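**Student:** Handing over model_34.csv, CSV, C-alpha atoms.
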chain,number,residue,atom,x,y,z
N,1,MET,CA,-82.4,-47.2,-27.7
N,2,SER,CA,-78.9,-47.0,-28.9
N,3,PRO,CA,-76.4,-49.2,-27.2
N,4,LYS,CA,-73.9,-47.7,-24.5
N,5,ARG,CA,-70.4,-47.0,-25.7
N,6,ASN,CA,-67.3,-47.8,-23.6
N,7,ILE,CA,-65.3,-44.6,-23.5
N,8,SER,CA,-61.6,-45.1,-22.5
N,9,VAL,CA,-59.9,-42.1,-20.7
N,10,ALA,CA,-56.1,-41.9,-20.9
N,11,ALA,CA,-54.5,-41.1,-17.5
N,12,PHE,CA,-51.2,-41.4,-15.6
N,13,THR,CA,-50.9,-43.9,-13.0
N,14,LEU,CA,-49.5,-42.9,-9.6
N,15,LEU,CA,-46.3,-44.7,-10.3
N,16,GLU,CA,-45.8,-42.7,-13.5
N,17,LEU,CA,-46.5,-39.4,-11.7
N,18,MET,CA,-43.9,-40.2,-9.1
N,19,VAL,CA,-41.3,-41.1,-11.7
N,20,SER,CA,-41.9,-37.9,-13.6
N,21,LEU,CA,-41.6,-35.8,-10.5
N,22,VAL,CA,-38.3,-37.5,-9.6
N,23,VAL,CA,-37.0,-36.8,-13.2
N,24,PHE,CA,-38.2,-33.2,-13.0
N,25,ALA,CA,-36.6,-32.7,-9.6
N,26,GLY,CA,-33.3,-34.1,-11.0
N,27,ILE,CA,-33.4,-31.7,-13.9
N,28,LEU,CA,-34.0,-28.8,-11.5
N,29,VAL,CA,-31.0,-29.9,-9.4
N,30,VAL,CA,-28.8,-30.1,-12.4
N,31,PHE,CA,-30.0,-26.8,-13.7
N,32,SER,CA,-29.5,-25.1,-10.3
N,33,THR,CA,-26.0,-26.6,-10.0
N,34,LEU,CA,-25.0,-25.3,-13.4
N,35,THR,CA,-26.6,-21.9,-12.7
N,36,SER,CA,-24.9,-21.5,-9.3
N,37,GLY,CA,-21.6,-22.5,-10.9
N,38,ILE,CA,-22.0,-19.9,-13.6
N,39,VAL,CA,-23.0,-17.2,-11.0
N,40,LYS,CA,-19.9,-18.2,-8.8
N,41,MET,CA,-17.6,-17.9,-11.8
N,42,TRP,CA,-19.1,-14.6,-12.8
N,43,THR,CA,-18.8,-13.3,-9.2
N,44,GLU,CA,-15.2,-14.4,-8.9
N,45,GLY,CA,-14.4,-12.9,-12.3
N,46,GLU,CA,-15.9,-9.6,-11.2
N,47,SER,CA,-13.9,-9.8,-8.0
N,48,ARG,CA,-10.7,-10.4,-9.9
N,49,ILE,CA,-11.3,-7.5,-12.3
N,50,GLU,CA,-12.1,-5.1,-9.4
N,51,THR,CA,-9.1,-6.0,-7.3
N,52,HIS,CA,-6.8,-6.0,-10.3
N,53,GLN,CA,-8.0,-2.6,-11.4
N,54,ASN,CA,-7.6,-1.1,-7.9
N,55,ALA,CA,-4.1,-2.5,-7.5
N,56,ARG,CA,-2.9,-1.8,-11.1
N,57,GLY,CA,-4.1,1.8,-11.0
N,58,ALA,CA,-2.5,2.5,-7.7
N,59,LEU,CA,0.9,0.8,-8.6
N,60,GLU,CA,1.0,2.6,-11.9
N,61,ILE,CA,0.6,6.0,-10.2
N,62,ILE,CA,3.2,5.2,-7.6
N,63,THR,CA,5.7,4.0,-10.2
N,64,ARG,CA,5.2,7.1,-12.4
N,65,GLU,CA,5.8,9.4,-9.4
N,66,LEU,CA,8.5,7.5,-7.6
N,67,THR,CA,10.8,6.8,-10.5
N,68,PRO,CA,12.2,10.4,-10.8
N,69,ALA,CA,12.6,10.9,-7.0
N,70,VAL,CA,15.6,13.1,-6.2
N,71,VAL,CA,17.6,14.1,-3.1
N,72,ASP,CA,20.6,16.3,-2.3
N,73,THR,CA,21.8,18.0,0.9
N,74,ARG,CA,18.5,20.0,1.1
N,75,MET,CA,16.0,17.2,0.2
N,76,GLN,CA,15.1,13.9,1.7
N,77,PHE,CA,13.7,10.5,0.8
N,78,ALA,CA,12.0,9.0,3.8
N,79,VAL,CA,10.0,5.9,4.8
N,80,VAL,CA,8.5,6.2,8.3
N,81,PRO,CA,5.9,4.3,10.4
N,82,ALA,CA,2.3,5.6,10.1
N,83,ASP,CA,2.5,6.8,13.8
N,84,GLU,CA,4.6,9.7,12.5
N,85,LEU,CA,1.6,11.1,10.7
N,86,THR,CA,-0.9,10.2,13.5
N,87,ARG,CA,1.1,12.4,15.8
N,88,ARG,CA,0.5,15.3,13.4
N,89,GLY,CA,-3.3,14.9,13.2
N,90,ALA,CA,-3.9,12.1,10.6
N,91,LYS,CA,-6.6,9.7,11.6
N,92,HIS,CA,-7.3,6.0,11.0
N,93,LEU,CA,-3.8,5.1,9.8
N,94,VAL,CA,-2.7,1.4,10.0
N,95,ALA,CA,-0.1,1.5,12.8
N,96,ASP,CA,2.5,-0.9,11.4
N,97,SER,CA,2.1,0.3,7.8
N,98,PRO,CA,4.8,2.5,6.2
N,99,VAL,CA,4.5,6.1,4.9
N,100,ILE,CA,6.8,6.8,2.0
N,101,LEU,CA,7.7,10.5,1.3
N,102,TRP,CA,9.9,12.0,-1.4
N,103,MET,CA,10.3,14.9,-3.8
N,104,ALA,CA,10.3,14.6,-7.6
N,105,PRO,CA,10.1,16.9,-10.6
N,106,LEU,CA,6.5,16.5,-11.5
N,107,GLY,CA,3.9,18.5,-13.5
N,108,GLU,CA,4.1,20.2,-16.8
N,109,GLN,CA,6.9,22.5,-15.8
N,110,GLY,CA,8.9,19.9,-14.0
N,111,ASP,CA,8.7,21.8,-10.7
N,112,LEU,CA,9.5,19.9,-7.5
N,113,ARG,CA,6.6,18.4,-5.7
N,114,CYS,CA,6.3,16.6,-2.4
N,115,VAL,CA,4.6,13.2,-2.8
N,116,GLY,CA,3.8,10.4,-0.4
N,117,TYR,CA,1.6,7.3,0.2
N,118,PHE,CA,0.1,5.6,3.2
N,119,LEU,CA,-2.6,3.1,4.2
N,120,PHE,CA,-5.9,4.3,5.7
N,121,ARG,CA,-8.4,2.1,7.5
N,122,ASP,CA,-11.7,3.1,9.1
N,123,ALA,CA,-13.4,-0.2,9.9
N,124,THR,CA,-16.5,1.3,11.3
N,125,ARG,CA,-17.4,2.9,8.0
N,126,GLY,CA,-15.8,0.1,5.9
N,127,PHE,CA,-13.1,2.4,4.3
N,128,TYR,CA,-9.9,0.7,3.4
N,129,ARG,CA,-7.9,3.0,1.2
N,130,LEU,CA,-4.5,3.8,-0.1
N,131,LYS,CA,-4.0,7.5,0.3
N,132,ARG,CA,-1.8,10.0,-1.5
N,133,ILE,CA,-0.1,13.1,-0.3
N,134,TYR,CA,0.6,15.7,-2.9
N,135,ILE,CA,2.0,19.2,-2.2
N,136,ARG,CA,2.4,21.8,-4.8
N,137,PRO,CA,5.2,24.3,-4.0
N,138,LEU,CA,3.4,27.5,-4.9
N,139,GLU,CA,-0.1,26.9,-3.6
N,140,ASP,CA,0.9,25.0,-0.4
N,141,ARG,CA,3.8,26.9,1.1
N,142,ALA,CA,2.5,26.2,4.6
N,143,TYR,CA,3.2,22.5,4.1
N,144,PHE,CA,6.1,22.6,1.6
N,145,PRO,CA,9.5,22.0,3.2
N,146,VAL,CA,11.9,24.9,3.6
N,147,MET,CA,14.6,24.6,0.9
N,148,VAL,CA,16.0,28.2,0.6
N,149,ASN,CA,16.2,31.0,3.1
N,150,GLU,CA,18.0,33.9,1.5
N,151,SER,CA,18.0,36.0,4.6
N,152,ASN,CA,19.5,33.2,6.7
N,153,PRO,CA,21.4,30.6,4.8
N,154,ARG,CA,22.2,28.8,8.1
N,155,ASP,CA,18.6,28.4,9.0
N,156,PRO,CA,18.3,25.1,10.9
N,157,ALA,CA,15.1,24.4,9.0
N,158,LEU,CA,17.2,23.8,5.9
N,159,ARG,CA,19.1,20.9,7.6
N,160,ILE,CA,17.9,17.4,7.1
N,161,SER,CA,18.2,15.1,10.1
N,162,ALA,CA,19.9,11.7,10.0
N,163,THR,CA,17.3,10.2,12.3
N,164,ASN,CA,13.9,11.8,11.6
N,165,ALA,CA,11.6,13.2,8.9
N,166,ASP,CA,10.8,16.5,10.5
N,167,TRP,CA,12.0,18.3,7.4
N,168,PHE,CA,8.9,17.0,5.7
N,169,LEU,CA,6.5,16.9,8.7
N,170,ARG,CA,7.2,19.9,10.9
N,171,ASN,CA,4.4,22.0,9.4
N,172,TRP,CA,1.8,19.4,8.9
N,173,ASP,CA,-1.4,19.4,11.0
N,174,ASN,CA,-4.8,17.8,11.1
N,175,LYS,CA,-6.3,20.2,8.5
N,176,ALA,CA,-3.8,18.8,6.0
N,177,PHE,CA,-5.4,15.4,6.2
N,178,ASP,CA,-9.1,16.4,6.4
N,179,GLU,CA,-10.2,15.7,2.8
N,180,GLU,CA,-13.8,15.2,3.7
N,181,ASP,CA,-14.5,18.8,4.5
N,182,PRO,CA,-15.4,20.5,1.2
N,183,ALA,CA,-14.5,23.9,2.7
N,184,ASN,CA,-11.0,22.8,3.7
N,185,ASP,CA,-8.6,24.3,1.2
N,186,ASP,CA,-5.6,23.0,3.2
N,187,ALA,CA,-6.2,19.3,2.5
N,188,ILE,CA,-3.3,17.7,0.7
N,189,VAL,CA,-4.5,14.1,0.9
N,190,THR,CA,-6.7,12.2,-1.6
N,191,THR,CA,-7.7,8.6,-2.2
N,192,VAL,CA,-5.7,6.6,-4.8
N,193,ALA,CA,-7.4,3.2,-4.5
N,194,ASP,CA,-10.3,1.7,-2.5
N,195,ASN,CA,-10.3,-1.7,-0.7
N,196,VAL,CA,-6.5,-1.8,-0.1
N,197,ILE,CA,-6.1,-3.7,3.2
N,198,ALA,CA,-2.3,-4.0,3.4
N,199,PHE,CA,0.7,-2.0,2.2
N,200,TRP,CA,4.5,-2.6,2.3
N,201,VAL,CA,7.5,-0.7,1.1
N,202,GLN,CA,10.9,-2.4,0.8
N,203,CYS,CA,14.0,-0.3,-0.2
N,204,LEU,CA,16.8,-2.1,-2.0
N,205,ASP,CA,20.4,-1.2,-2.4
N,206,LEU,CA,22.7,-1.3,-5.4
N,207,ALA,CA,23.2,-5.0,-5.0
N,208,GLY,CA,19.5,-5.6,-5.0
N,209,ASN,CA,19.4,-6.5,-1.3
N,210,PRO,CA,16.9,-5.1,1.2
N,211,VAL,CA,18.3,-2.1,3.1
N,212,PRO,CA,18.1,-2.7,6.9
N,213,THR,CA,15.6,-0.5,8.6
N,214,LEU,CA,17.1,2.6,10.2
N,215,MET,CA,15.3,2.0,13.5
N,216,LYS,CA,17.3,-1.2,13.9
N,217,ALA,CA,20.6,0.1,12.5
N,218,PRO,CA,23.6,0.9,14.7
N,219,HIS,CA,24.8,4.5,15.1
N,220,HIS,CA,21.3,6.0,14.7
N,221,ALA,CA,19.9,5.5,18.1
N,222,GLY,CA,16.4,6.7,18.8
N,223,SER,CA,15.4,6.8,15.1
N,224,ALA,CA,11.9,5.4,14.3
N,225,MET,CA,12.5,5.6,10.5
N,226,ILE,CA,12.5,2.7,8.1
N,227,TYR,CA,14.7,4.4,5.4
N,228,ASN,CA,16.3,7.9,5.4
N,229,SER,CA,18.3,9.2,2.5
N,230,ALA,CA,20.1,11.5,5.0
N,231,ALA,CA,21.4,8.8,7.3
N,232,TYR,CA,25.1,7.9,7.6
N,233,PHE,CA,25.5,4.9,5.3
N,234,GLN,CA,27.3,3.5,2.3
N,235,MET,CA,26.1,1.1,-0.4
N,236,THR,CA,28.4,-1.2,-2.2
N,237,THR,CA,28.6,-0.9,-6.0
N,238,THR,CA,30.0,-4.4,-6.9
N,239,THR,CA,31.1,-6.8,-4.1
N,240,PRO,CA,30.0,-6.8,-0.5
N,241,PHE,CA,32.0,-5.0,2.2
N,242,ASP,CA,34.4,-6.9,4.4
N,243,SER,CA,31.5,-7.4,6.9
N,244,GLY,CA,29.6,-9.2,4.1
N,245,LYS,CA,26.9,-6.5,4.0
N,246,THR,CA,26.0,-4.5,0.9
N,247,THR,CA,24.7,-1.5,3.0
N,248,GLU,CA,26.8,-0.4,5.9
N,249,PHE,CA,25.8,2.2,8.5
N,250,LEU,CA,28.4,4.5,9.8
N,251,ALA,CA,29.0,6.4,13.0
N,252,ALA,CA,28.6,10.2,12.9
N,253,SER,CA,31.9,11.9,13.1
N,254,GLY,CA,33.8,14.9,11.7
N,255,GLN,CA,34.8,12.7,8.7
N,256,SER,CA,31.4,11.0,8.2
N,257,MET,CA,29.1,12.3,5.5
N,258,LYS,CA,25.4,11.7,5.1
N,259,ALA,CA,24.6,9.4,2.2
N,260,ASN,CA,22.0,11.7,0.6
N,261,ARG,CA,20.9,9.0,-1.8
N,262,VAL,CA,17.7,7.4,-2.8
N,263,PRO,CA,17.4,3.6,-2.9
N,264,SER,CA,18.4,1.8,-6.1
N,265,ALA,CA,14.9,0.3,-6.3
N,266,VAL,CA,11.7,0.1,-4.2
N,267,ASP,CA,9.4,-2.9,-4.0
N,268,VAL,CA,5.8,-1.8,-3.4
N,269,THR,CA,3.2,-4.4,-2.3
N,270,VAL,CA,-0.5,-4.0,-1.8
N,271,VAL,CA,-3.2,-6.5,-0.8
N,272,THR,CA,-6.7,-5.8,-2.1
N,273,ILE,CA,-10.2,-7.3,-1.7
N,274,ASP,CA,-13.4,-6.7,-3.5
N,275,SER,CA,-16.2,-4.5,-2.2
N,276,THR,CA,-18.5,-7.4,-1.4
N,277,VAL,CA,-16.2,-8.5,1.4
N,278,ILE,CA,-16.1,-5.0,2.7
N,279,SER,CA,-19.9,-4.7,2.6
N,280,ARG,CA,-20.2,-7.9,4.8
N,281,GLY,CA,-18.2,-6.2,7.5
N,282,MET,CA,-15.6,-8.9,7.7
N,283,ASP,CA,-12.9,-8.7,10.3
N,284,ILE,CA,-9.7,-7.5,8.5
N,285,PRO,CA,-6.6,-8.6,10.3
N,286,ALA,CA,-3.9,-6.2,11.5
N,287,VAL,CA,-0.7,-5.7,9.5
N,288,GLU,CA,2.3,-7.4,11.1
N,289,ASN,CA,5.9,-6.6,10.0
N,290,ILE,CA,8.4,-9.4,10.3
N,291,PHE,CA,12.1,-8.5,10.3
N,292,ALA,CA,15.1,-10.5,9.2
N,293,ALA,CA,18.2,-11.1,11.2
N,294,ASP,CA,20.0,-8.1,9.6
N,295,GLY,CA,17.2,-5.7,10.5
N,296,SER,CA,15.6,-5.5,7.1
N,297,LEU,CA,11.9,-6.1,6.6
N,298,ASP,CA,11.0,-9.6,5.6
N,299,VAL,CA,8.3,-8.8,3.2
N,300,GLU,CA,7.6,-12.3,2.0
N,301,GLU,CA,7.0,-13.6,5.5
N,302,SER,CA,5.0,-10.5,6.4
N,303,ILE,CA,2.7,-11.2,3.4
N,304,MET,CA,2.4,-14.9,4.2
N,305,ARG,CA,1.3,-14.2,7.7
N,306,PHE,CA,-1.2,-11.6,6.7
N,307,ASN,CA,-2.7,-13.9,4.0
N,308,ARG,CA,-2.9,-16.7,6.6
N,309,ALA,CA,-4.7,-14.4,8.9
N,310,LEU,CA,-7.2,-13.6,6.1
N,311,LEU,CA,-7.9,-17.3,5.6
N,312,ASP,CA,-8.4,-17.8,9.3
N,313,ARG,CA,-11.2,-15.3,9.1
N,314,ASN,CA,-12.6,-17.0,6.0
N,315,ILE,CA,-11.6,-14.2,3.7
N,316,LYS,CA,-10.5,-16.1,0.6
N,317,ASN,CA,-10.3,-13.5,-2.1
N,318,GLY,CA,-7.5,-11.3,-0.9
N,319,ARG,CA,-5.0,-10.7,-3.7
N,320,THR,CA,-1.4,-9.6,-3.4
N,321,PHE,CA,0.3,-7.4,-6.0
N,322,THR,CA,3.9,-6.3,-6.0
N,323,THR,CA,5.9,-4.0,-8.4
N,324,ARG,CA,9.5,-3.1,-8.4
N,325,VAL,CA,10.2,0.6,-9.1
N,326,ASN,CA,13.8,1.3,-10.3
N,327,LEU,CA,14.7,4.8,-9.3
N,328,LEU,CA,16.5,6.8,-12.0
N,329,ASN,CA,18.7,8.6,-9.5
N,330,GLY,CA,19.5,5.5,-7.4
N,331,GLN,CA,21.6,3.7,-9.9
Output the file's structure in the form of structure tokens.
**Tutor:**
Amino acid sequence: MSPKRNISVAAFTLLELMVSLVVFAGILVVFSTLTSGIVKMWTEGESRIETHQNARGALEIITRELTPAVVDTRMQFAVVPADELTRRGAKHLVADSPVILWMAPLGEQGDLRCVGYFLFRDATRGFYRLKRIYIRPLEDRAYFPVMVNESNPRDPALRISATNADWFLRNWDNKAFDEEDPANDDAIVTTVADNVIAFWVQCLDLAGNPVPTLMKAPHHAGSAMIYNSAAYFQMTTTTPFDSGKTTEFLAASGQSMKANRVPSAVDVTVVTIDSTVISRGMDIPAVENIFAADGSLDVEESIMRFNRALLDRNIKNGRTFTTRVNLLNGQ
């Protein structure tokens, strides 16, 4: 009989297994941390790209169309509260947000067009959009303002009011804003940018100072407008007036003349968020306008309050973009 052999079997002890498991768990934690950091950076990068693209595209379009804005005794440049469009059939407008309306020589032939922008918010469907009004003079006579009446040169419809924007709005109705009906040929409104949750317009005078809102200006009682080119006012060209103001509103009289001028410049501000926040159904705060002592809109304070309200709702990726548009005919 052959002698028995002692066969040794290599094996891990319980202590070694426990140590290896701890090391492996540590590696997983480190890998998970690195991965989550990379994913977070990627997500934030995508968010920045999306919000920048939305804002940049919208502001570029507004700048291109706003720069050549024109007025005369038969045309108007107006900034009004959104309620003015709501009264004419527009839905889901942000109440304290502005609507800016003007005319400009646009298109290949340089024909005059009516253009405008406003903020749209339908929270139930998650739609937060900057909308554009665009009226072509030939195809949309129903909505185009009356500028010439050869049979009646004294037609009251040719007169621009010092206190309202009816010259633009008198013929607008709910069909003009119904862009979702494919059979509606009367729609004049389209979407410029998605996920825009706040919008401000600040008109500046020749000295670069904010123009006081018309609704708070003396001598224009009852006006709900923010800016009106046909109001009774003067802008200083060099030094302030004796009152210290650079824009002075006048009382209507036989000697007073309407200004009939566009602002020297317009600051346009939007706040955007990415679509992932919208998809989570976050509670977007209301827009609150803060006014300075002189009656002008305090845009900086309005933006700060809105952004604080976003943070209070744990919305941390709202981004603010502002551009200054210098008007060719306002210098």
**Student:** So how far away is atom CA of N:Thr86 from atom CA of N:Thr272, in Å?
**Tutor:**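 That distance, rounded to one decimal, is 23.1 Å.
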**Student:** Between N:Ser229, N:Ser302, N:Thr191, N:Thr238, which one has atoms that come closest to N:Arg74, using only C-alpha atoms?
**Tutor:** N:Ser229
**Student:** From the set N:Phe144, N:Arg132, N:Ala265, N:Asn326, which residue has the shortest atom-to-atom contact distance to N:Glu179, counting all atoms listed in the file?
**Tutor:**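 Using all atoms listed in the file, the shortest distance to N:Glu179 belongs to N:Arg132.
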**Student:** Quote the spacing between atom CA of N:Asp194 and atom CA of N:Asp178 in Å to one decimal place.
**Tutor:** 17.2 Å
**Student:** Considering all atoms listed in the file, return as a ChimeraX atom specification whatever protein or nucleic-acid residues lie within 7 Å of N:Pro212, sequence-local ones (same chain, fewer than 3 positions apart) excluded.
**Tutor:** /N:217,294-296
**Student:** Please indicate the distance in Å from atom CA of N:Phe177 to atom CA of N:Arg319, rounded to one decimal place.
**Tutor:**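 Atom CA of N:Phe177 sits 27.9 Å away from atom CA of N:Arg319.
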**Student:** Determine the nearest neighbour of N:Phe199 from the options N:Leu310, N:Met103, N:Ala142, N:Leu59, counting all atoms listed in the file.
**Tutor:**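 Counting all atoms listed in the file, the residue closest to N:Phe199 is N:Leu59.
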**Student:** Name the residues in contact with N:Ile303 at a cut-off of 9 Å, using only C-alpha atoms, excluding same-chain residues fewer than 6 positions from it; report them as a list in words.
**Tutor:**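 Neighbouring residues, sequence-local ones excluded: Ala198, Trp200, Thr269, Val271, Val287, Glu288, Asn289 and Thr320 of chain N.
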**Student:** Could you check which of N:Gln53, N:Gln234, N:Ser243, N:Gln202 is closest to N:Ser256, using all atoms listed in the file?
**Tutor:**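 Of the candidates, the smallest distance to N:Ser256 is held by N:Gln234.
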**Student:** Measuring between all atoms listed in the file, which one of N:Phe24, N:Trp167, N:Tyr143, N:Phe118 shows the shortest distance to N:Gln76?
**Tutor:** N:Trp167
**Student:** Find the residues near N:Thr67: any atom within 6 Å, counting all atoms listed in the file, skip ones fewer than 4 places away on the same chain, and give them as an NGL selection string.
**Tutor:** :N and (63 or 327-328)
**Student:** Save out the residues we just selected, C-alpha atoms, as a CSV table (one decimal), in the coordinates of the input.
**Tutor:**
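That gives us part.csv:
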chain,number,residue,atom,x,y,z
N,63,THR,CA,5.7,4.0,-10.2
N,327,LEU,CA,14.7,4.8,-9.3
N,328,LEU,CA,16.5,6.8,-12.0
**Student:** Identify which of the residues N:Asp186, N:Ala25, N:Leu297, N:Asn164 lies closest to N:Asn209, counting only C-alpha atoms when measuring atom-to-atom distances.
**Tutor:**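 Residue with the minimum atom-to-atom distance to N:Asn209: N:Leu297.
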**Student:** Leaving out N:Arg313 and any residue of its chain fewer than 5 positions from it, which residues lie within 8 Å of it when counting only C-alpha atoms, given as a PyMOL selection string?
**Tutor:** chain N and resi 282-284
**Student:** Give me, as a PyMOL selection string, all polymer residues having an atom no more than 12 Å from N:Met75, counting all atoms listed in the file and skipping those fewer than 3 positions away in the same chain.
**Tutor:** chain N and resi 69-72+78+101-104+112-114+144-148+157-162+165-168+228-230+258-262
